[in-house]
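Listing of final_37.pdb; format and content: PDB, C-alpha atoms.
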ATOM      1  CA  MET A   1     -86.646  43.048  -8.311  1.00  0.00           C
ATOM      2  CA  GLY A   2     -84.550  46.181  -8.713  1.00  0.00           C
ATOM      3  CA  LEU A   3     -82.408  46.989 -11.732  1.00  0.00           C
ATOM      4  CA  ARG A   4     -79.184  46.005  -9.957  1.00  0.00           C
ATOM      5  CA  GLU A   5     -80.557  42.656  -8.852  1.00  0.00           C
ATOM      6  CA  SER A   6     -82.048  42.024 -12.280  1.00  0.00           C
ATOM      7  CA  LYS A   7     -78.662  42.688 -13.886  1.00  0.00           C
ATOM      8  CA  LYS A   8     -76.985  40.270 -11.494  1.00  0.00           C
ATOM      9  CA  GLN A   9     -79.513  37.576 -12.344  1.00  0.00           C
ATOM     10  CA  GLU A  10     -78.952  38.127 -16.066  1.00  0.00           C
ATOM     11  CA  THR A  11     -75.186  37.848 -15.627  1.00  0.00           C
ATOM     12  CA  ARG A  12     -75.528  34.699 -13.556  1.00  0.00           C
ATOM     13  CA  GLN A  13     -77.777  33.093 -16.170  1.00  0.00           C
ATOM     14  CA  LEU A  14     -75.447  34.110 -19.001  1.00  0.00           C
ATOM     15  CA  ILE A  15     -72.469  32.520 -17.269  1.00  0.00           C
ATOM     16  CA  SER A  16     -74.443  29.358 -16.549  1.00  0.00           C
ATOM     17  CA  ASP A  17     -75.690  29.089 -20.138  1.00  0.00           C
ATOM     18  CA  CYS A  18     -72.195  29.547 -21.582  1.00  0.00           C
ATOM     19  CA  ALA A  19     -70.771  27.002 -19.160  1.00  0.00           C
ATOM     20  CA  THR A  20     -73.431  24.441 -20.010  1.00  0.00           C
ATOM     21  CA  ARG A  21     -72.773  24.765 -23.748  1.00  0.00           C
ATOM     22  CA  LEU A  22     -69.053  24.279 -23.211  1.00  0.00           C
ATOM     23  CA  PHE A  23     -69.556  21.359 -20.830  1.00  0.00           C
ATOM     24  CA  ILE A  24     -71.782  19.587 -23.345  1.00  0.00           C
ATOM     25  CA  ASP A  25     -69.399  20.277 -26.257  1.00  0.00           C
ATOM     26  CA  GLN A  26     -66.104  19.552 -24.488  1.00  0.00           C
ATOM     27  CA  GLY A  27     -66.962  17.589 -21.358  1.00  0.00           C
ATOM     28  CA  PHE A  28     -67.100  18.938 -17.823  1.00  0.00           C
ATOM     29  CA  GLU A  29     -63.588  18.000 -16.727  1.00  0.00           C
ATOM     30  CA  ARG A  30     -61.950  19.359 -19.882  1.00  0.00           C
ATOM     31  CA  THR A  31     -63.613  22.775 -19.696  1.00  0.00           C
ATOM     32  CA  THR A  32     -61.808  25.497 -17.735  1.00  0.00           C
ATOM     33  CA  ILE A  33     -63.175  28.459 -15.814  1.00  0.00           C
ATOM     34  CA  ALA A  34     -61.096  30.719 -18.070  1.00  0.00           C
ATOM     35  CA  GLU A  35     -62.859  29.354 -21.154  1.00  0.00           C
ATOM     36  CA  ILE A  36     -66.234  29.960 -19.547  1.00  0.00           C
ATOM     37  CA  ALA A  37     -65.282  33.523 -18.648  1.00  0.00           C
ATOM     38  CA  THR A  38     -64.160  34.179 -22.206  1.00  0.00           C
ATOM     39  CA  ALA A  39     -67.382  32.764 -23.649  1.00  0.00           C
ATOM     40  CA  ALA A  40     -69.493  34.877 -21.281  1.00  0.00           C
ATOM     41  CA  ARG A  41     -67.285  37.952 -21.811  1.00  0.00           C
ATOM     42  CA  VAL A  42     -66.703  38.424 -18.097  1.00  0.00           C
ATOM     43  CA  ALA A  43     -63.664  38.223 -15.850  1.00  0.00           C
ATOM     44  CA  LYS A  44     -62.652  34.857 -14.444  1.00  0.00           C
ATOM     45  CA  LYS A  45     -63.198  36.267 -10.954  1.00  0.00           C
ATOM     46  CA  THR A  46     -66.772  37.165 -11.901  1.00  0.00           C
ATOM     47  CA  VAL A  47     -67.448  33.510 -12.724  1.00  0.00           C
ATOM     48  CA  THR A  48     -66.099  32.319  -9.376  1.00  0.00           C
ATOM     49  CA  ASN A  49     -67.950  35.049  -7.499  1.00  0.00           C
ATOM     50  CA  TYR A  50     -71.256  33.769  -8.867  1.00  0.00           C
ATOM     51  CA  PHE A  51     -70.270  30.079  -8.781  1.00  0.00           C
ATOM     52  CA  PRO A  52     -67.610  29.250  -6.163  1.00  0.00           C
ATOM     53  CA  ARG A  53     -67.818  25.564  -7.170  1.00  0.00           C
ATOM     54  CA  LYS A  54     -67.318  24.590 -10.780  1.00  0.00           C
ATOM     55  CA  GLU A  55     -69.936  21.841 -10.414  1.00  0.00           C
ATOM     56  CA  ASP A  56     -72.599  24.423  -9.643  1.00  0.00           C
ATOM     57  CA  LEU A  57     -72.101  25.979 -13.072  1.00  0.00           C
ATOM     58  CA  ALA A  58     -73.682  22.808 -14.449  1.00  0.00           C
ATOM     59  CA  LEU A  59     -76.076  21.991 -11.602  1.00  0.00           C
ATOM     60  CA  ASP A  60     -77.082  25.600 -11.080  1.00  0.00           C
ATOM     61  CA  HIS A  61     -80.580  24.963  -9.683  1.00  0.00           C
ATOM     62  CA  PHE A  62     -79.158  23.209  -6.645  1.00  0.00           C
ATOM     63  CA  ASP A  63     -81.032  25.371  -4.122  1.00  0.00           C
ATOM     64  CA  VAL A  64     -84.403  24.560  -5.659  1.00  0.00           C
ATOM     65  CA  PHE A  65     -83.426  20.895  -5.894  1.00  0.00           C
ATOM     66  CA  THR A  66     -82.157  20.429  -2.349  1.00  0.00           C
ATOM     67  CA  GLN A  67     -85.092  22.239  -0.754  1.00  0.00           C
ATOM     68  CA  GLY A  68     -87.825  20.791  -2.973  1.00  0.00           C
ATOM     69  CA  LEU A  69     -89.009  17.844  -0.878  1.00  0.00           C
ATOM     70  CA  GLY A  70     -88.816  19.748   2.380  1.00  0.00           C
ATOM     71  CA  ARG A  71     -90.700  22.691   0.927  1.00  0.00           C
ATOM     72  CA  ALA A  72     -93.487  20.420  -0.348  1.00  0.00           C
ATOM     73  CA  VAL A  73     -94.010  19.149   3.203  1.00  0.00           C
ATOM     74  CA  ALA A  74     -93.651  22.528   4.908  1.00  0.00           C
ATOM     75  CA  GLU A  75     -96.013  24.341   2.532  1.00  0.00           C
ATOM     76  CA  ARG A  76     -98.713  21.663   2.276  1.00  0.00           C
ATOM     77  CA  ALA A  77    -102.312  22.381   3.262  1.00  0.00           C
ATOM     78  CA  PRO A  78    -103.132  21.872   6.980  1.00  0.00           C
ATOM     79  CA  ASP A  79    -105.233  18.785   6.251  1.00  0.00           C
ATOM     80  CA  GLU A  80    -102.836  17.272   3.682  1.00  0.00           C
ATOM     81  CA  ALA A  81    -100.604  14.374   4.685  1.00  0.00           C
ATOM     82  CA  PRO A  82     -96.860  14.724   3.926  1.00  0.00           C
ATOM     83  CA  LEU A  83     -96.690  11.790   1.520  1.00  0.00           C
ATOM     84  CA  THR A  84     -99.770  13.047  -0.313  1.00  0.00           C
ATOM     85  CA  ALA A  85     -98.185  16.479  -0.699  1.00  0.00           C
ATOM     86  CA  LEU A  86     -94.958  14.940  -1.968  1.00  0.00           C
ATOM     87  CA  ALA A  87     -96.806  12.767  -4.485  1.00  0.00           C
ATOM     88  CA  ARG A  88     -98.841  15.739  -5.708  1.00  0.00           C
ATOM     89  CA  THR A  89     -95.718  17.857  -6.099  1.00  0.00           C
ATOM     90  CA  PHE A  90     -93.861  15.123  -7.982  1.00  0.00           C
ATOM     91  CA  ARG A  91     -96.788  14.515 -10.314  1.00  0.00           C
ATOM     92  CA  ALA A  92     -96.979  18.224 -11.160  1.00  0.00           C
ATOM     93  CA  ALA A  93     -93.236  18.311 -11.865  1.00  0.00           C
ATOM     94  CA  LEU A  94     -93.500  15.158 -13.967  1.00  0.00           C
ATOM     95  CA  LEU A  95     -96.314  16.603 -16.076  1.00  0.00           C
ATOM     96  CA  ALA A  96     -94.330  19.836 -16.482  1.00  0.00           C
ATOM     97  CA  HIS A  97     -91.197  17.888 -17.513  1.00  0.00           C
ATOM     98  CA  ASP A  98     -89.331  19.790 -14.817  1.00  0.00           C
ATOM     99  CA  PRO A  99     -85.511  19.487 -14.769  1.00  0.00           C
ATOM    100  CA  VAL A 100     -85.653  19.251 -10.964  1.00  0.00           C
ATOM    101  CA  VAL A 101     -87.069  15.716 -11.203  1.00  0.00           C
ATOM    102  CA  GLY A 102     -84.675  14.678 -13.968  1.00  0.00           C
ATOM    103  CA  PHE A 103     -85.897  16.080 -17.299  1.00  0.00           C
ATOM    104  CA  THR A 104     -82.635  17.503 -18.606  1.00  0.00           C
ATOM    105  CA  GLY A 105     -82.477  16.408 -22.229  1.00  0.00           C
ATOM    106  CA  HIS A 106     -80.169  13.769 -23.683  1.00  0.00           C
ATOM    107  CA  ALA A 107     -77.051  15.921 -24.146  1.00  0.00           C
ATOM    108  CA  PHE A 108     -77.107  17.251 -20.586  1.00  0.00           C
ATOM    109  CA  ALA A 109     -77.871  13.832 -19.080  1.00  0.00           C
ATOM    110  CA  ARG A 110     -74.956  12.334 -21.007  1.00  0.00           C
ATOM    111  CA  MET A 111     -72.647  15.129 -19.887  1.00  0.00           C
ATOM    112  CA  VAL A 112     -73.487  14.445 -16.224  1.00  0.00           C
ATOM    113  CA  ALA A 113     -73.264  10.664 -16.605  1.00  0.00           C
ATOM    114  CA  ASP A 114     -69.827  10.948 -18.223  1.00  0.00           C
ATOM    115  CA  SER A 115     -68.430  13.178 -15.458  1.00  0.00           C
ATOM    116  CA  PRO A 116     -67.294  11.538 -12.205  1.00  0.00           C
ATOM    117  CA  THR A 117     -67.198  14.988 -10.602  1.00  0.00           C
ATOM    118  CA  LEU A 118     -70.800  15.845 -11.489  1.00  0.00           C
ATOM    119  CA  THR A 119     -72.022  12.378 -10.574  1.00  0.00           C
ATOM    120  CA  ALA A 120     -70.464  12.771  -7.123  1.00  0.00           C
ATOM    121  CA  ARG A 121     -71.906  16.269  -6.747  1.00  0.00           C
ATOM    122  CA  LEU A 122     -75.370  14.993  -7.675  1.00  0.00           C
ATOM    123  CA  ARG A 123     -75.110  12.395  -4.909  1.00  0.00           C
ATOM    124  CA  GLU A 124     -74.259  15.184  -2.462  1.00  0.00           C
ATOM    125  CA  LEU A 125     -77.276  17.178  -3.589  1.00  0.00           C
ATOM    126  CA  HIS A 126     -79.534  14.175  -3.116  1.00  0.00           C
ATOM    127  CA  ASP A 127     -78.146  13.803   0.417  1.00  0.00           C
ATOM    128  CA  GLN A 128     -78.877  17.457   1.123  1.00  0.00           C
ATOM    129  CA  ARG A 129     -82.374  17.009  -0.329  1.00  0.00           C
ATOM    130  CA  GLU A 130     -82.973  14.133   2.102  1.00  0.00           C
ATOM    131  CA  GLU A 131     -81.685  16.183   5.038  1.00  0.00           C
ATOM    132  CA  ALA A 132     -84.017  19.084   4.219  1.00  0.00           C
ATOM    133  CA  LEU A 133     -86.911  16.624   4.011  1.00  0.00           C
ATOM    134  CA  ALA A 134     -85.971  15.121   7.378  1.00  0.00           C
ATOM    135  CA  GLN A 135     -86.019  18.563   8.954  1.00  0.00           C
ATOM    136  CA  ALA A 136     -89.435  19.318   7.471  1.00  0.00           C
ATOM    137  CA  LEU A 137     -90.861  15.989   8.628  1.00  0.00           C
ATOM    138  CA  THR A 138     -89.414  16.522  12.085  1.00  0.00           C
ATOM    139  CA  ALA A 139     -91.272  19.814  12.273  1.00  0.00           C
ATOM    140  CA  ALA A 140     -94.456  18.170  11.017  1.00  0.00           C
ATOM    141  CA  MET A 141     -94.391  15.027  13.176  1.00  0.00           C
ATOM    142  CA  PRO A 142     -94.074  14.299  16.914  1.00  0.00           C
ATOM    143  CA  THR A 143     -90.481  14.883  18.006  1.00  0.00           C
ATOM    144  CA  SER A 144     -90.324  12.476  20.931  1.00  0.00           C
ATOM    145  CA  ASP A 145     -90.969   8.804  21.556  1.00  0.00           C
ATOM    146  CA  GLY A 146     -93.823   9.567  23.905  1.00  0.00           C
ATOM    147  CA  ASP A 147     -92.115  10.537  27.148  1.00  0.00           C
ATOM    148  CA  GLY A 148     -90.410  13.691  25.846  1.00  0.00           C
ATOM    149  CA  SER A 149     -86.957  12.354  26.637  1.00  0.00           C
ATOM    150  CA  ALA A 150     -85.593  11.377  23.244  1.00  0.00           C
ATOM    151  CA  PRO A 151     -86.011  12.590  19.674  1.00  0.00           C
ATOM    152  CA  SER A 152     -88.070  10.250  17.539  1.00  0.00           C
ATOM    153  CA  ILE A 153     -86.272   8.456  14.738  1.00  0.00           C
ATOM    154  CA  ALA A 154     -89.511   8.277  12.733  1.00  0.00           C
ATOM    155  CA  PRO A 155     -89.059  11.506  10.719  1.00  0.00           C
ATOM    156  CA  ARG A 156     -85.519  10.587   9.663  1.00  0.00           C
ATOM    157  CA  ALA A 157     -86.517   7.012   8.850  1.00  0.00           C
ATOM    158  CA  ALA A 158     -89.414   8.316   6.772  1.00  0.00           C
ATOM    159  CA  ALA A 159     -87.141  10.829   5.039  1.00  0.00           C
ATOM    160  CA  ALA A 160     -84.633   8.095   4.193  1.00  0.00           C
ATOM    161  CA  LEU A 161     -87.328   5.906   2.629  1.00  0.00           C
ATOM    162  CA  ILE A 162     -88.963   8.749   0.701  1.00  0.00           C
ATOM    163  CA  ALA A 163     -85.629  10.134  -0.499  1.00  0.00           C
ATOM    164  CA  ALA A 164     -84.598   6.673  -1.711  1.00  0.00           C
ATOM    165  CA  GLY A 165     -87.773   6.543  -3.774  1.00  0.00           C
ATOM    166  CA  ASP A 166     -87.134  10.055  -5.047  1.00  0.00           C
ATOM    167  CA  ARG A 167     -83.613   9.112  -6.155  1.00  0.00           C
ATOM    168  CA  LEU A 168     -85.001   6.033  -7.892  1.00  0.00           C
ATOM    169  CA  LEU A 169     -87.494   8.092  -9.898  1.00  0.00           C
ATOM    170  CA  PHE A 170     -84.833  10.690 -10.775  1.00  0.00           C
ATOM    171  CA  ARG A 171     -82.465   7.946 -11.944  1.00  0.00           C
ATOM    172  CA  ARG A 172     -85.263   6.296 -13.906  1.00  0.00           C
ATOM    173  CA  ILE A 173     -85.977   9.505 -15.818  1.00  0.00           C
ATOM    174  CA  GLN A 174     -82.279   9.943 -16.570  1.00  0.00           C
ATOM    175  CA  GLU A 175     -81.946   6.332 -17.760  1.00  0.00           C
ATOM    176  CA  LEU A 176     -84.919   6.665 -20.098  1.00  0.00           C
ATOM    177  CA  THR A 177     -83.536   9.970 -21.377  1.00  0.00           C
ATOM    178  CA  LEU A 178     -80.169   8.393 -22.126  1.00  0.00           C
ATOM    179  CA  ALA A 179     -81.940   5.499 -23.849  1.00  0.00           C
ATOM    180  CA  GLY A 180     -83.358   8.017 -26.329  1.00  0.00           C
ATOM    181  CA  HIS A 181     -86.982   8.265 -25.166  1.00  0.00           C
ATOM    182  CA  ASP A 182     -88.709  11.626 -25.460  1.00  0.00           C
ATOM    183  CA  ASP A 183     -90.234  13.478 -22.515  1.00  0.00           C
ATOM    184  CA  HIS A 184     -93.808  12.435 -23.297  1.00  0.00           C
ATOM    185  CA  HIS A 185     -92.865   8.753 -23.343  1.00  0.00           C
ATOM    186  CA  ILE A 186     -90.988   9.187 -20.073  1.00  0.00           C
ATOM    187  CA  GLU A 187     -93.986  10.916 -18.512  1.00  0.00           C
ATOM    188  CA  ALA A 188     -96.331   8.099 -19.575  1.00  0.00           C
ATOM    189  CA  THR A 189     -93.914   5.496 -18.214  1.00  0.00           C
ATOM    190  CA  LEU A 190     -93.292   7.225 -14.893  1.00  0.00           C
ATOM    191  CA  LEU A 191     -96.901   8.063 -13.970  1.00  0.00           C
ATOM    192  CA  PRO A 192     -97.909   4.487 -13.055  1.00  0.00           C
ATOM    193  CA  GLU A 193     -94.472   3.686 -11.669  1.00  0.00           C
ATOM    194  CA  ALA A 194     -94.597   6.704  -9.341  1.00  0.00           C
ATOM    195  CA  ASP A 195     -98.088   5.751  -8.161  1.00  0.00           C
ATOM    196  CA  HIS A 196     -96.937   2.215  -7.433  1.00  0.00           C
ATOM    197  CA  LEU A 197     -93.905   3.482  -5.559  1.00  0.00           C
ATOM    198  CA  ARG A 198     -96.106   5.762  -3.486  1.00  0.00           C
ATOM    199  CA  THR A 199     -98.257   2.778  -2.486  1.00  0.00           C
ATOM    200  CA  LEU A 200     -95.138   0.861  -1.461  1.00  0.00           C
ATOM    201  CA  LEU A 201     -93.870   3.803   0.570  1.00  0.00           C
ATOM    202  CA  ALA A 202     -97.201   4.264   2.307  1.00  0.00           C
ATOM    203  CA  GLY A 203     -97.172   0.597   3.298  1.00  0.00           C
ATOM    204  CA  ALA A 204     -93.622   0.845   4.593  1.00  0.00           C
ATOM    205  CA  LEU A 205     -94.489   3.972   6.537  1.00  0.00           C
ATOM    206  CA  GLY A 206     -97.476   2.363   8.173  1.00  0.00           C
ATOM    207  CA  GLY A 207    -100.450   3.890   6.405  1.00  0.00           C
ATOM    208  CA  ASP A 208    -102.301   4.012   3.120  1.00  0.00           C
ATOM    209  CA  PRO A 209    -101.384   6.594   0.442  1.00  0.00           C
ATOM    210  CA  ALA A 210    -104.410   8.746   1.117  1.00  0.00           C
ATOM    211  CA  THR A 211    -103.841   9.265   4.830  1.00  0.00           C
ATOM    212  CA  TRP A 212    -100.118   9.039   5.650  1.00  0.00           C
TER     213      TRP A 212
END
For this file, write the structure as structure tokens.
Amino acid sequence: MGLRESKKQETRQLISDCATRLFIDQGFERTTIAEIATAARVAKKTVTNYFPRKEDLALDHFDVFTQGLGRAVAERAPDEAPLTALARTFRAALLAHDPVVGFTGHAFARMVADSPTLTARLRELHDQREEALAQALTAAMPTSDGDGSAPSIAPRAAAALIAAGDRLLFRRIQELTLAGHDDHHIEATLLPEADHLRTLLAGALGGDPATW
């Protein structure tokens, strides 16, 4: 990364950090772009250049989030089944207490839960996450129903089921966070629940967890 790009990344992170502090202190809807610019000591236009949508100042890892499931499938080992790769990736994120799977801390989780705007944006991001997964599964699975005449619905059906499970686990982590449990308790709770969900998904998808 060159000096110019490094400086841009630092500015972006500074703006995001200042915005998050203000959102948590004042609430998302009550915080203005002008206040964020003042806190970050940049022009208001600089804030909007880096973050065209106010929501993305709070949910600033949206690219990593929306592409996460699809990337796990696309970058899996040649002999690794998609569901196995997804389960492995989730488990690693769970053990790392990664914000992408829902570990955000109580104050941030409360800020999102209290904001209708952020709640709606999070639903959009989950939809985009499902779409990216569907595209990856389509590339990984047969694309026709056998005669080459029609796209198979299987990848999109699989993506819908897997994404529903992913949303459930994300929501579960947020609920436990808001209930006051620490990350280690949440991890211990989610490990068996995620394994059970994976078994259910494998059954629904027509295979066992080790081979689907």
Kindly provide the residues of region 10-52 of chain A that approach region 113-135 of chain A to within 12 Å, each paired with its closest atom pair and their distance in Å to one decimal, based on all atoms listed in the file, listed by chain and increasing number, as a tab-separated table.
residue	atom	partner	partner_atom	distance
A:Phe23	CA	A:Ser115	CA	9.9
A:Ile24	CA	A:Asp114	CA	10.2
A:Gln26	CA	A:Asp114	CA	11.3
A:Gly27	CA	A:Ser115	CA	7.5
A:Phe28	CA	A:Ser115	CA	6.4
A:Glu29	CA	A:Ser115	CA	7.0
A:Arg30	CA	A:Ser115	CA	10.0
A:Thr31	CA	A:Ser115	CA	11.5
Margin query: Nearest residue to Pro82 (chain A) out of A:Arg12, A:Leu137, A:Ile186, A:Arg21, using only C-alpha atoms?
Written below: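 Answer, going by the shortest atom-to-atom distance: A:Leu137.
Separating CA of Ser16 (chain A) from CA of His97 (chain A) is a distance of 20.3 Å.
Distance-wise, CA of Thr138 (chain A) and CA of Pro155 (chain A) end up 5.2 Å apart.
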Note to self: So that I can see what lies close to Asp183 (chain A), please list as a list in words the residues with an atom at most 9 Å from it, counting only C-alpha atoms and leaving out residues fewer than 3 positions away in the same chain.
What the structure shows: His97, Phe103, Gly105, Ile173, Leu176, Thr177, Ile186, Glu187 and Ala188 of chain A
Item checked: Contacts of Ile33 (chain A) at 9 Å (all atoms listed in the file; same-chain gap of 4+ positions) as a PyMOL selection string -> chain A and resi 19+37-38+44+47-48+54
Next item on the list: Report the distance between CA of Ala154 (chain A) and CA of Gly68 (chain A) in Å, rounded to one decimal place.
Entry: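 So the answer is 20.2 Å.
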Next item on the list: Using the chain letters and numbers from the file, give me the residues hit by the PyMOL selection byres ((chain A and resi 102) around 10), as a PyMOL selection string.
Entry: chain A and resi 93-94+97-101+103-105+109+167+169-175+177
Note to self: For region 4-8 of chain A, find every residue with an atom within 12 Å (counting all atoms listed in the file), except residues of its own chain fewer than 6 positions away, and show them as a PyMOL selection string.
What the structure shows: chain A and resi 14-15+46-47+49-50
Next item on the list: On this file, the PyMOL selection byres ((chain A and resi 162) around 10) gives some set of residues; write that set as a ChimeraX atom specification.
Entry: /A:69,83,86,130,133-134,156-161,163-168,197-198,201-202,204-205
Margin query: Which residue is closest to Ala43 (chain A)? Choose from A:Thr11, A:Gln67, A:Thr84, A:Thr189 and count all atoms listed in the file.
Written below: A:Thr11
Next item on the list: Kindly indicate which residue among A:Ala139, A:Ala34, A:Cys18, A:Ala92 lies nearest to Ala58 (chain A), using only C-alpha atoms for the distances.
Entry: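 Closest residue, counting only C-alpha atoms: A:Cys18.
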